[in-house]
Amino acid sequence: MKTIPLGNSILRTTTLAYGCWRLAGTSKSEEVTESSRAQGRRAILAAYEAGYRLFDHADIYCGGMAESIFGEALREAPEMREDILVATKCGIRWAGDPEASAPHRYDFSARHITWSCEQSLRRLGVETIDLYQLHRPDFLMDPDEVAQAFSQLKQSGKVREFGVSNFLPSQVSALQRVCPMPLIVNQVEISLARLDCLHDGTLDQCLADKITPLAWSPLGGGLLAEGALQGHQDARRGRLLPVLEAMKILSRERETTMTVLALAWLMRHPAHIVPIIGSIRPERIREAAMADDLGLTREEWYRLYLPARGEKLP
Ligand code: NAP
């Protein structure tokens with residue numbers, strides 16, 4: 001797979017990343033079994049063998065189990081470590097953590113950022129996190145406090161580079177203004193099922209400031225993939241029918257799959273959007289990697305954008 005710089009850092013990522021949210025096959029840690037752990041480890045190995053070199057996590061994925069399963073996979077195949085970038089996130093806290101009265105919330109206090117980073121390092125079994133991201137904007141974010149926490153994590157060698165996720169451009173700017181290091185990614189939901197980032201300035205900022213947009217749910221959680229026309233009962237399916245139809249026609253013309261087309265559509269953007277693949281099935285992980293070679297023309301890109309937009313261009 002081809003590689004590109006990650007933001008304006010010296011790190012390089014493959015053009016597609018692998019996401020570990022669904023790795024355990026469940027979001028509840030108490031439901032994880034030995035067999036689901038083994039399935040998760042197989043998915044990581046399949047992604048590595050298919051050429052993916054950026055692996056995305058969060059402290060909350062399956063209550064930390066996704067990071068632990070990844071740590072197991074790294075212990076089984078330690079040679080992977082020097083080839084890959086390990087990314088994770090912090091900042092979301094569930095209700096009841098740590099005391100029963102605590103609500104679901106976001107927490108960018110220096111204390112929580114540092115504590116969560118140390119827990120992730122332990123679960124992942126690595127000495128350094130290559131990319132540490134703030135998961136969702138905390139309404140009570142104090143940029144100076146975050147900058148101080150980031151600086152300490154960098155100085156102590158626990159984190160190499162930093163980024164954000166689900167940030168509006170104004171929130172990126174507010175934090176970047178006081179951060180001594182560049183914020184190198186903004187991980188956002190963008191796909192043919194979710195176009196907001198094209199219209200709200202997110203991608204413009206990425207282009208202007210050399211921030212890499214990492215695309216979460218690049219297949220709309222599976223809605224844009226093969227079989228979506230028959231399968232899903234999701235409420236968004238009806239709205240997606242026109243774009244799914246256009247994808248079906250173009251995928252026949254290009255002799256490819258709808259999955260590959262949906263990913264190549266993101267990768268056509270000049271900001272170098274990196275889709276984060278979420279399937280845990282090895283054959284789908286390998287199929288997605290083919291998007292690296294497709295390449296869409298401007299006309300093909302607009303043939304999918306227009307039905308996804310749902311209204312004519314002015
Ligand atoms: P996705 O690739 O859009 O969706 C993956 C889902 O689609 C899986 O459940 C997969 O099932 C299913 N799927 C794939 N191909 C399919 C097909 N042909 N037919 C039917 N279903 C199909 O991505 P995602 O998992 O939603 O998100 C990817 C990554 O983004 C996550 O792992 C995480 O790293 C990141 N993320 C970040 C945030 C954030 O707030 N920053 C939020 C969500 C996700 P199978 O596994 O059975 O193939």
# chains A, B, ... in the order shown; residues from 1 in each chain; ligands from 1

$ residues_near_ligand --ligand "ligand 1" --cutoff "6 Å" --atoms "only C-alpha atoms and all ligand atoms" --output "PDB file with N, CA and C atoms, in the first residue's frame"
ATOM      1  N   GLY A  19      -9.135   0.213  11.832  1.00  0.00           N
ATOM      2  CA  GLY A  19      -9.761   0.667  13.076  1.00  0.00           C
ATOM      3  C   GLY A  19     -10.147  -0.497  13.970  1.00  0.00           C
ATOM      4  N   CYS A  20      -9.888  -0.353  15.257  1.00  0.00           N
ATOM      5  CA  CYS A  20     -10.024  -1.484  16.184  1.00  0.00           C
ATOM      6  C   CYS A  20     -11.264  -1.395  17.077  1.00  0.00           C
ATOM      7  N   TRP A  21     -12.185  -0.517  16.747  1.00  0.00           N
ATOM      8  CA  TRP A  21     -13.407  -0.335  17.550  1.00  0.00           C
ATOM      9  C   TRP A  21     -14.185  -1.645  17.720  1.00  0.00           C
ATOM     10  N   ARG A  22     -14.331  -2.358  16.595  1.00  0.00           N
ATOM     11  CA  ARG A  22     -15.203  -3.544  16.624  1.00  0.00           C
ATOM     12  C   ARG A  22     -14.416  -4.839  16.845  1.00  0.00           C
ATOM     13  N   ASP A  56      -5.904   2.200  14.589  1.00  0.00           N
ATOM     14  CA  ASP A  56      -6.584   3.203  15.413  1.00  0.00           C
ATOM     15  C   ASP A  56      -7.364   2.550  16.558  1.00  0.00           C
ATOM     16  N   HIS A  57      -7.186   3.113  17.745  1.00  0.00           N
ATOM     17  CA  HIS A  57      -7.855   2.621  18.954  1.00  0.00           C
ATOM     18  C   HIS A  57      -8.513   3.779  19.693  1.00  0.00           C
ATOM     19  N   HIS A 135     -10.815  12.482  21.801  1.00  0.00           N
ATOM     20  CA  HIS A 135     -11.876  11.747  21.097  1.00  0.00           C
ATOM     21  C   HIS A 135     -13.054  12.612  20.630  1.00  0.00           C
ATOM     22  N   SER A 165     -10.220  14.558  17.320  1.00  0.00           N
ATOM     23  CA  SER A 165     -11.260  13.813  16.626  1.00  0.00           C
ATOM     24  C   SER A 165     -12.597  14.513  16.847  1.00  0.00           C
ATOM     25  N   GLN A 187      -9.764  13.321  13.224  1.00  0.00           N
ATOM     26  CA  GLN A 187     -10.491  12.101  12.854  1.00  0.00           C
ATOM     27  C   GLN A 187     -11.986  12.399  12.893  1.00  0.00           C
ATOM     28  N   TRP A 216     -13.634   8.228   9.906  1.00  0.00           N
ATOM     29  CA  TRP A 216     -14.240   7.093  10.617  1.00  0.00           C
ATOM     30  C   TRP A 216     -15.561   6.699   9.964  1.00  0.00           C
ATOM     31  N   SER A 217     -15.916   5.432  10.145  1.00  0.00           N
ATOM     32  CA  SER A 217     -17.087   4.845   9.461  1.00  0.00           C
ATOM     33  C   SER A 217     -17.100   5.212   7.980  1.00  0.00           C
ATOM     34  N   PRO A 218     -16.031   4.905   7.250  1.00  0.00           N
ATOM     35  CA  PRO A 218     -15.968   5.299   5.836  1.00  0.00           C
ATOM     36  C   PRO A 218     -16.982   4.567   4.961  1.00  0.00           C
ATOM     37  N   LEU A 219     -17.501   3.442   5.480  1.00  0.00           N
ATOM     38  CA  LEU A 219     -18.562   2.731   4.756  1.00  0.00           C
ATOM     39  C   LEU A 219     -19.908   2.971   5.441  1.00  0.00           C
ATOM     40  N   GLY A 220     -20.008   4.064   6.204  1.00  0.00           N
ATOM     41  CA  GLY A 220     -21.255   4.338   6.916  1.00  0.00           C
ATOM     42  C   GLY A 220     -21.619   3.188   7.844  1.00  0.00           C
ATOM     43  N   GLY A 221     -20.602   2.560   8.442  1.00  0.00           N
ATOM     44  CA  GLY A 221     -20.860   1.424   9.331  1.00  0.00           C
ATOM     45  C   GLY A 221     -21.344   0.195   8.574  1.00  0.00           C
ATOM     46  N   GLY A 222     -21.115   0.139   7.276  1.00  0.00           N
ATOM     47  CA  GLY A 222     -21.499  -1.031   6.466  1.00  0.00           C
ATOM     48  C   GLY A 222     -22.613  -0.716   5.485  1.00  0.00           C
ATOM     49  N   ALA A 225     -21.613  -0.634   1.813  1.00  0.00           N
ATOM     50  CA  ALA A 225     -20.882  -1.790   1.283  1.00  0.00           C
ATOM     51  C   ALA A 225     -21.808  -2.663   0.437  1.00  0.00           C
ATOM     52  N   GLU A 226     -21.175  -3.636  -0.210  1.00  0.00           N
ATOM     53  CA  GLU A 226     -21.914  -4.630  -0.984  1.00  0.00           C
ATOM     54  C   GLU A 226     -23.028  -5.222  -0.121  1.00  0.00           C
ATOM     55  N   GLY A 227     -24.187  -5.385  -0.686  1.00  0.00           N
ATOM     56  CA  GLY A 227     -25.261  -6.026   0.072  1.00  0.00           C
ATOM     57  C   GLY A 227     -26.109  -5.029   0.835  1.00  0.00           C
ATOM     58  N   ILE A 276     -10.590   4.771   7.684  1.00  0.00           N
ATOM     59  CA  ILE A 276     -10.249   3.793   8.731  1.00  0.00           C
ATOM     60  C   ILE A 276     -11.226   2.619   8.584  1.00  0.00           C
ATOM     61  N   ILE A 277     -10.688   1.480   8.186  1.00  0.00           N
ATOM     62  CA  ILE A 277     -11.518   0.308   7.889  1.00  0.00           C
ATOM     63  C   ILE A 277     -11.921  -0.406   9.174  1.00  0.00           C
ATOM     64  N   GLY A 278     -13.204  -0.728   9.297  1.00  0.00           N
ATOM     65  CA  GLY A 278     -13.689  -1.265  10.569  1.00  0.00           C
ATOM     66  C   GLY A 278     -14.107  -2.720  10.560  1.00  0.00           C
ATOM     67  N   SER A 279     -14.074  -3.388   9.405  1.00  0.00           N
ATOM     68  CA  SER A 279     -14.502  -4.794   9.362  1.00  0.00           C
ATOM     69  C   SER A 279     -13.528  -5.669  10.137  1.00  0.00           C
ATOM     70  N   ILE A 280     -14.061  -6.738  10.735  1.00  0.00           N
ATOM     71  CA  ILE A 280     -13.131  -7.689  11.381  1.00  0.00           C
ATOM     72  C   ILE A 280     -13.012  -8.968  10.554  1.00  0.00           C
ATOM     73  N   ARG A 281     -13.574  -8.943   9.330  1.00  0.00           N
ATOM     74  CA  ARG A 281     -13.466 -10.134   8.466  1.00  0.00           C
ATOM     75  C   ARG A 281     -12.266 -10.002   7.528  1.00  0.00           C
TER      76      ARG A 281
END

$ residues_around --residues "Gln133 of chain A" --least-positions-apart "4" --cutoff "8 Å" --atoms "only C-alpha atoms" --output "MDAnalysis selection string"
chainID A and resid 87:90 162:165

$ write_last_selection --atoms "N, CA, C and O atoms" --output "PDB file, in the first residue's frame"
ATOM      1  N   ALA A  87      -2.205   4.262  17.115  1.00  0.00           N
ATOM      2  CA  ALA A  87      -2.955   5.474  17.467  1.00  0.00           C
ATOM      3  C   ALA A  87      -4.031   5.109  18.480  1.00  0.00           C
ATOM      4  O   ALA A  87      -4.641   4.039  18.384  1.00  0.00           O
ATOM      5  N   THR A  88      -4.234   5.994  19.449  1.00  0.00           N
ATOM      6  CA  THR A  88      -5.384   5.786  20.325  1.00  0.00           C
ATOM      7  C   THR A  88      -5.947   7.136  20.755  1.00  0.00           C
ATOM      8  O   THR A  88      -5.471   8.191  20.314  1.00  0.00           O
ATOM      9  N   LYS A  89      -7.021   7.077  21.537  1.00  0.00           N
ATOM     10  CA  LYS A  89      -7.735   8.311  21.909  1.00  0.00           C
ATOM     11  C   LYS A  89      -8.124   8.261  23.374  1.00  0.00           C
ATOM     12  O   LYS A  89      -8.225   7.184  23.957  1.00  0.00           O
ATOM     13  N   CYS A  90      -8.413   9.462  23.896  1.00  0.00           N
ATOM     14  CA  CYS A  90      -8.938   9.553  25.260  1.00  0.00           C
ATOM     15  C   CYS A  90      -9.946  10.689  25.313  1.00  0.00           C
ATOM     16  O   CYS A  90     -10.093  11.433  24.343  1.00  0.00           O
ATOM     17  N   PHE A 162       0.323  14.265  18.219  1.00  0.00           N
ATOM     18  CA  PHE A 162      -1.023  14.466  18.775  1.00  0.00           C
ATOM     19  C   PHE A 162      -2.021  14.875  17.697  1.00  0.00           C
ATOM     20  O   PHE A 162      -1.649  15.477  16.683  1.00  0.00           O
ATOM     21  N   GLY A 163      -3.272  14.547  17.942  1.00  0.00           N
ATOM     22  CA  GLY A 163      -4.333  14.944  17.028  1.00  0.00           C
ATOM     23  C   GLY A 163      -5.649  15.048  17.781  1.00  0.00           C
ATOM     24  O   GLY A 163      -5.701  14.881  19.003  1.00  0.00           O
ATOM     25  N   VAL A 164      -6.690  15.321  17.028  1.00  0.00           N
ATOM     26  CA  VAL A 164      -8.017  15.463  17.625  1.00  0.00           C
ATOM     27  C   VAL A 164      -9.012  14.650  16.808  1.00  0.00           C
ATOM     28  O   VAL A 164      -8.683  14.150  15.732  1.00  0.00           O
ATOM     29  N   SER A 165     -10.220  14.558  17.320  1.00  0.00           N
ATOM     30  CA  SER A 165     -11.260  13.813  16.626  1.00  0.00           C
ATOM     31  C   SER A 165     -12.597  14.513  16.847  1.00  0.00           C
ATOM     32  O   SER A 165     -12.870  14.963  17.970  1.00  0.00           O
TER      33      SER A 165
END

$ closest_residue --among "A:Phe150, A:Trp94, A:Phe167, A:Phe70" --to "Ser109 of chain A" --atoms "only C-alpha atoms"
A:Phe150

$ select_by_dssp --residues "segment 141-213 of chain A" --states "helix (DSSP H, G or I)" --output "number ranges by chain"
A: 143-155, 169-176, 196-199, 202-209

$ residues_around --residues "Ser36 of chain A" --least-positions-apart "6" --cutoff "10 Å" --atoms "only C-alpha atoms" --output "list of chain:residue names"
A:Leu23, A:Ala24, A:Gly25, A:Thr26, A:Arg42, A:Ile69

$ write_last_selection --atoms "N, CA, C and O atoms" --output "PDB file, in the first residue's frame"
ATOM      1  N   LEU A  23     -13.140  -4.694  17.177  1.00  0.00           N
ATOM      2  CA  LEU A  23     -12.215  -5.829  17.215  1.00  0.00           C
ATOM      3  C   LEU A  23     -12.709  -7.002  18.045  1.00  0.00           C
ATOM      4  O   LEU A  23     -12.529  -8.165  17.677  1.00  0.00           O
ATOM      5  N   ALA A  24     -13.339  -6.701  19.185  1.00  0.00           N
ATOM      6  CA  ALA A  24     -13.745  -7.775  20.093  1.00  0.00           C
ATOM      7  C   ALA A  24     -15.084  -8.383  19.683  1.00  0.00           C
ATOM      8  O   ALA A  24     -15.577  -9.309  20.334  1.00  0.00           O
ATOM      9  N   GLY A  25     -15.690  -7.849  18.614  1.00  0.00           N
ATOM     10  CA  GLY A  25     -16.977  -8.392  18.153  1.00  0.00           C
ATOM     11  C   GLY A  25     -18.143  -8.000  19.041  1.00  0.00           C
ATOM     12  O   GLY A  25     -19.267  -8.443  18.844  1.00  0.00           O
ATOM     13  N   THR A  26     -17.895  -7.173  20.045  1.00  0.00           N
ATOM     14  CA  THR A  26     -18.935  -6.702  20.964  1.00  0.00           C
ATOM     15  C   THR A  26     -18.429  -5.417  21.601  1.00  0.00           C
ATOM     16  O   THR A  26     -17.231  -5.179  21.638  1.00  0.00           O
ATOM     17  N   ARG A  42      -6.768 -12.307  14.753  1.00  0.00           N
ATOM     18  CA  ARG A  42      -6.693 -12.683  13.322  1.00  0.00           C
ATOM     19  C   ARG A  42      -6.954 -11.465  12.442  1.00  0.00           C
ATOM     20  O   ARG A  42      -6.328 -11.283  11.402  1.00  0.00           O
ATOM     21  N   ILE A  69      -6.519  -6.787  23.309  1.00  0.00           N
ATOM     22  CA  ILE A  69      -6.416  -7.813  22.251  1.00  0.00           C
ATOM     23  C   ILE A  69      -5.282  -7.436  21.292  1.00  0.00           C
ATOM     24  O   ILE A  69      -4.506  -8.283  20.853  1.00  0.00           O
TER      25      ILE A  69
END

$ closest_residue --among "A:Leu192, A:Cys179, A:Ala264, A:Met80" --to "Leu240 of chain A" --atoms "only C-alpha atoms"
A:Leu192

$ closest_residue --among "A:Glu253, A:Asp59, A:Glu127, A:Glu118" --to "Arg160 of chain A" --atoms "only C-alpha atoms"
A:Glu127

$ atom_distance --atom1 "atom CA of Glu311 of chain A" --atom2 "atom CA of Ala215 of chain A"
23.5 Å

$ atom_distance --atom1 "atom CA of Arg268 of chain A" --atom2 "atom CA of Leu313 of chain A"
19.4 Å

$ closest_residue --among "A:Ser191, A:Thr114, A:Gln119, A:Ser173" --to "Ser156 of chain A" --atoms "only C-alpha atoms"
A:Thr114

$ atom_distance --atom1 "atom CA of Glu72 of chain A" --atom2 "atom CA of Val126 of chain A"
11.0 Å

$ closest_residue --among "A:Met141, A:Ala289, A:Ile92, A:Met65" --to "Arg123 of chain A" --atoms "only C-alpha atoms"
A:Met65

$ select_by_dssp --residues "segment 60-285 of chain A" --states "strand (DSSP E or B)" --output "ChimeraX atom specification"
/A:85-90,92-93,105-106,129-134,159-165,183-189,191,194,212-216,274-277

$ closest_residue --among "A:Ile60, A:Ala271, A:Leu214, A:Ala193" --to "Asn166 of chain A" --atoms "only C-alpha atoms"
A:Leu214
